[in-house]
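Structure file entry-v3.cif with mmCIF, C-alpha atoms:
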data_upload
loop_
_atom_site.group_PDB
_atom_site.id
_atom_site.type_symbol
_atom_site.label_atom_id
_atom_site.label_comp_id
_atom_site.auth_asym_id
_atom_site.auth_seq_id
_atom_site.Cartn_x
_atom_site.Cartn_y
_atom_site.Cartn_z
ATOM 1 C CA MET A 1 -7.998 -48.300 -5.229
ATOM 2 C CA LYS A 2 -9.706 -46.334 -8.020
ATOM 3 C CA HIS A 3 -12.157 -44.970 -5.483
ATOM 4 C CA LEU A 4 -9.288 -43.663 -3.322
ATOM 5 C CA VAL A 5 -7.636 -41.950 -6.307
ATOM 6 C CA ARG A 6 -10.901 -40.271 -7.329
ATOM 7 C CA LEU A 7 -11.582 -39.150 -3.777
ATOM 8 C CA SER A 8 -8.082 -37.661 -3.497
ATOM 9 C CA PHE A 9 -8.563 -35.821 -6.779
ATOM 10 C CA VAL A 10 -11.880 -34.322 -5.622
ATOM 11 C CA VAL A 11 -10.350 -33.224 -2.320
ATOM 12 C CA LEU A 12 -7.499 -31.472 -4.154
ATOM 13 C CA LEU A 13 -9.970 -29.673 -6.413
ATOM 14 C CA LEU A 14 -12.058 -28.465 -3.478
ATOM 15 C CA LEU A 15 -9.107 -27.407 -1.306
ATOM 16 C CA PRO A 16 -8.987 -23.772 -2.558
ATOM 17 C CA PHE A 17 -12.661 -23.288 -1.645
ATOM 18 C CA VAL A 18 -12.183 -24.671 1.854
ATOM 19 C CA ASN A 19 -8.855 -22.931 2.467
ATOM 20 C CA GLY A 20 -9.869 -19.566 0.980
ATOM 21 C CA CYS A 21 -8.889 -18.069 -2.349
ATOM 22 C CA GLN A 22 -6.112 -15.765 -1.236
ATOM 23 C CA PRO A 23 -2.810 -16.321 -3.042
ATOM 24 C CA ILE A 24 -0.001 -17.988 -1.143
ATOM 25 C CA VAL A 25 2.816 -15.519 -0.538
ATOM 26 C CA SER A 26 6.185 -16.811 0.549
ATOM 27 C CA GLU A 27 8.570 -14.300 2.038
ATOM 28 C CA GLN A 28 12.249 -15.104 1.687
ATOM 29 C CA GLU A 29 14.254 -14.598 4.847
ATOM 30 C CA ASN A 30 17.350 -12.383 4.724
ATOM 31 C CA ASN A 31 16.077 -10.551 1.643
ATOM 32 C CA TRP A 32 18.673 -7.774 1.377
ATOM 33 C CA ILE A 33 18.795 -5.149 -1.385
ATOM 34 C CA THR A 34 22.315 -4.040 -2.322
ATOM 35 C CA TYR A 35 23.275 -0.639 -3.718
ATOM 36 C CA GLY A 36 26.778 0.441 -4.686
ATOM 37 C CA VAL A 37 27.886 3.894 -3.571
ATOM 38 C CA ARG A 38 28.861 5.999 -6.584
ATOM 39 C CA GLU A 39 32.369 7.363 -6.980
ATOM 40 C CA GLY A 40 32.838 10.758 -5.379
ATOM 41 C CA LEU A 41 30.260 10.143 -2.632
ATOM 42 C CA SER A 42 32.057 9.786 0.691
ATOM 43 C CA TYR A 43 30.971 7.392 3.407
ATOM 44 C CA SER A 44 29.789 10.300 5.581
ATOM 45 C CA GLU A 45 27.647 11.675 2.756
ATOM 46 C CA ALA A 46 26.204 8.236 1.940
ATOM 47 C CA TRP A 47 25.448 7.671 5.635
ATOM 48 C CA ARG A 48 23.634 11.022 5.763
ATOM 49 C CA VAL A 49 21.629 10.191 2.611
ATOM 50 C CA VAL A 50 20.351 6.936 4.109
ATOM 51 C CA GLN A 51 19.709 8.468 7.520
ATOM 52 C CA ASP A 52 17.769 11.401 6.027
ATOM 53 C CA ALA A 53 15.717 9.095 3.785
ATOM 54 C CA LEU A 54 14.578 7.086 6.796
ATOM 55 C CA LEU A 55 13.890 10.114 8.986
ATOM 56 C CA THR A 56 11.829 11.914 6.324
ATOM 57 C CA ARG A 57 9.582 8.848 6.081
ATOM 58 C CA GLY A 58 8.838 8.870 9.806
ATOM 59 C CA TYR A 59 11.190 6.128 10.976
ATOM 60 C CA GLN A 60 12.926 6.470 14.341
ATOM 61 C CA PHE A 61 16.168 4.651 15.075
ATOM 62 C CA GLU A 62 16.505 1.709 17.426
ATOM 63 C CA THR A 63 20.209 1.251 16.617
ATOM 64 C CA LEU A 64 22.507 3.812 15.027
ATOM 65 C CA SER A 65 26.257 3.152 14.830
ATOM 66 C CA LYS A 66 28.168 5.085 12.205
ATOM 67 C CA ASP A 67 31.482 3.515 13.284
ATOM 68 C CA ASP A 68 30.072 0.042 12.566
ATOM 69 C CA GLY A 69 28.176 1.191 9.471
ATOM 70 C CA TYR A 70 24.867 -0.123 10.833
ATOM 71 C CA MET A 71 21.457 1.370 11.483
ATOM 72 C CA LYS A 72 18.114 -0.205 12.317
ATOM 73 C CA SER A 73 14.800 1.566 12.669
ATOM 74 C CA GLU A 74 12.041 0.924 15.145
ATOM 75 C CA TRP A 75 8.804 -0.605 13.876
ATOM 76 C CA LEU A 76 6.583 1.930 12.117
ATOM 77 C CA HIS A 77 2.844 1.153 11.982
ATOM 78 C CA GLU A 78 0.641 2.459 9.178
ATOM 79 C CA THR A 79 -2.613 1.815 7.360
ATOM 80 C CA VAL A 80 -2.485 1.877 3.563
ATOM 81 C CA GLU A 81 -6.056 2.608 2.475
ATOM 82 C CA SER A 82 -5.365 2.061 -1.235
ATOM 83 C CA GLN A 83 -4.195 -1.509 -0.616
ATOM 84 C CA GLY A 84 -6.527 -2.263 2.281
ATOM 85 C CA VAL A 85 -3.714 -3.287 4.625
ATOM 86 C CA GLU A 86 -2.413 -2.421 8.050
ATOM 87 C CA VAL A 87 1.296 -3.061 8.216
ATOM 88 C CA ARG A 88 4.327 -2.407 10.339
ATOM 89 C CA THR A 89 7.751 -1.972 8.775
ATOM 90 C CA ARG A 90 11.313 -1.845 10.024
ATOM 91 C CA VAL A 91 14.443 -1.039 7.996
ATOM 92 C CA SER A 92 17.955 -2.394 8.614
ATOM 93 C CA VAL A 93 20.971 -0.880 6.831
ATOM 94 C CA LYS A 94 24.549 -2.155 6.685
ATOM 95 C CA PHE A 95 27.486 -0.511 4.917
ATOM 96 C CA THR A 96 29.898 -3.202 3.683
ATOM 97 C CA TYR A 97 32.922 -3.737 1.441
ATOM 98 C CA GLY A 98 35.000 -0.761 2.530
ATOM 99 C CA ARG A 99 31.886 1.417 2.931
ATOM 100 C CA ARG A 100 31.276 1.333 -0.858
ATOM 101 C CA THR A 101 28.188 -0.894 -0.700
ATOM 102 C CA VAL A 102 24.925 -0.386 1.189
ATOM 103 C CA ARG A 103 22.762 -3.378 2.078
ATOM 104 C CA ILE A 104 19.138 -2.635 3.011
ATOM 105 C CA LYS A 105 16.515 -4.985 4.413
ATOM 106 C CA VAL A 106 12.871 -4.084 4.946
ATOM 107 C CA ASP A 107 10.941 -6.263 7.399
ATOM 108 C CA GLU A 108 7.162 -6.128 6.953
ATOM 109 C CA ASP A 109 4.469 -7.602 9.184
ATOM 110 C CA TYR A 110 0.965 -7.433 7.753
ATOM 111 C CA ILE A 111 -1.497 -7.050 10.606
ATOM 112 C CA ILE A 112 -4.605 -6.741 8.413
ATOM 113 C CA GLY A 113 -4.556 -7.879 4.797
ATOM 114 C CA TYR A 114 -1.679 -9.512 2.981
ATOM 115 C CA LYS A 115 1.256 -8.599 0.758
ATOM 116 C CA GLU A 116 0.536 -8.541 -2.943
ATOM 117 C CA PRO A 117 3.395 -10.271 -4.764
ATOM 118 C CA GLY A 118 5.675 -7.725 -6.421
ATOM 119 C CA VAL A 119 3.951 -4.704 -4.830
ATOM 120 C CA ASP A 120 5.534 -2.643 -2.044
ATOM 121 C CA ILE A 121 3.599 -0.324 0.207
ATOM 122 C CA PRO A 122 4.151 3.321 -0.890
ATOM 123 C CA ARG A 123 6.532 4.259 1.959
ATOM 124 C CA VAL A 124 8.864 1.328 1.173
ATOM 125 C CA ALA A 125 8.666 1.803 -2.612
ATOM 126 C CA ASP A 126 9.573 5.504 -2.277
ATOM 127 C CA LEU A 127 12.458 4.685 0.065
ATOM 128 C CA LYS A 128 13.946 2.144 -2.363
ATOM 129 C CA VAL A 129 13.696 4.561 -5.301
ATOM 130 C CA GLU A 130 15.215 7.481 -3.390
ATOM 131 C CA LEU A 131 18.151 5.449 -2.101
ATOM 132 C CA ARG A 132 18.818 3.990 -5.543
ATOM 133 C CA ASP A 133 18.744 7.442 -7.165
ATOM 134 C CA ARG A 134 20.831 9.209 -4.524
ATOM 135 C CA LEU A 135 23.473 6.513 -3.911
ATOM 136 C CA LEU A 136 24.162 5.125 -7.368
#
Would you mind writing the structure in this file as structure tokens?
Amino acid sequence: MKHLVRLSFVVLLLLPFVNGCQPIVSEQENNWITYGVREGLSYSEAWRVVQDALLTRGYQFETLSKDDGYMKSEWLHETVESQGVEVRTRVSVKFTYGRRTVRIKVDEDYIIGYKEPGVDIPRVADLKVELRDRLL
């Protein structure tokens, strides 16, 4: 019995060397960011702000329905040299609660490399900052 416990302990210690030393990153599904639309900014203006922010970053739209308050971009592929990753991103946007709240979800698929916890690729980080500054 003692031999089995020791063997299990050794296996657990050696597991990171066998499995690689990259950190484990868990992505939460349905990870939406919510921004309130400031007073005085109409729904049409807020819609235009979000649409322009996506277009200026090179996204094209797969779905665009102003009446439903929903837009979804196509996948955009890019290589981020500074982070050593090749990634594709897609952005979904939903206006909710009487068009006074904007919910944004960024889907990321890392083709080469992996996501560093707490670090967004530059295109996504800039998009989040611009939308926060222009909508709130």
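Distances to Leu76 in chain A were evaluated for A:Glu45, A:Ser92, A:Tyr35, A:Glu108 using all atoms listed in the file, and the minimum falls at A:Glu108.
Between CA of Gly36 in chain A and CA of Arg88 in chain A lies a distance of 27.2 Å.
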Nearest-residue call for Leu131 in chain A, choices A:Lys66, A:Lys72, A:Arg103, A:His77, using all atoms listed in the file = A:Arg103
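With all atoms listed in the file as the atoms that count, the residue of A:Arg100, A:Lys105, A:Arg132, A:Arg90 with the shortest distance to Gly58 in chain A is A:Arg90.
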Which residues fall under the PyMOL selection byres ((chain A and resi 99) around 10) in this file, as a PyMOL selection string?
-> chain A and resi 36-37+42-44+46-47+68-69+94-98+100-102
Can you report as JSON the centre and edge lengths in Å, to one decimal, of an axis-aligned box around the listed atoms of range 82-98 of chain A padded with 6 Å on each side?
{"center_x": 14.2, "center_y": -0.8, "center_z": 4.6, "size_x": 53.5, "size_y": 17.8, "size_z": 23.6}
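Closest to Glu130 in chain A among A:Leu55, A:Val49, A:Ile112, A:Val87 is A:Val49, based on only C-alpha atoms.
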For the PyMOL selection byres ((chain A and resi 110) around 12), applied here, can you spell out every residue it catches as a compact mmCIF listing (two decimals) with C-alpha atoms, in the coordinates of the input?
# COMPACT_ATOMS: atom_id res chain seq x y z
CA VAL A 25 2.82 -15.52 -0.54
CA GLU A 27 8.57 -14.30 2.04
CA LEU A 76 6.58 1.93 12.12
CA HIS A 77 2.84 1.15 11.98
CA GLU A 78 0.64 2.46 9.18
CA THR A 79 -2.61 1.82 7.36
CA VAL A 80 -2.48 1.88 3.56
CA GLN A 83 -4.20 -1.51 -0.62
CA GLY A 84 -6.53 -2.26 2.28
CA VAL A 85 -3.71 -3.29 4.62
CA GLU A 86 -2.41 -2.42 8.05
CA VAL A 87 1.30 -3.06 8.22
CA ARG A 88 4.33 -2.41 10.34
CA THR A 89 7.75 -1.97 8.78
CA ARG A 90 11.31 -1.84 10.02
CA ASP A 107 10.94 -6.26 7.40
CA GLU A 108 7.16 -6.13 6.95
CA ASP A 109 4.47 -7.60 9.18
CA ILE A 111 -1.50 -7.05 10.61
CA ILE A 112 -4.61 -6.74 8.41
CA GLY A 113 -4.56 -7.88 4.80
CA TYR A 114 -1.68 -9.51 2.98
CA LYS A 115 1.26 -8.60 0.76
CA GLU A 116 0.54 -8.54 -2.94
CA ASP A 120 5.53 -2.64 -2.04
CA ILE A 121 3.60 -0.32 0.21
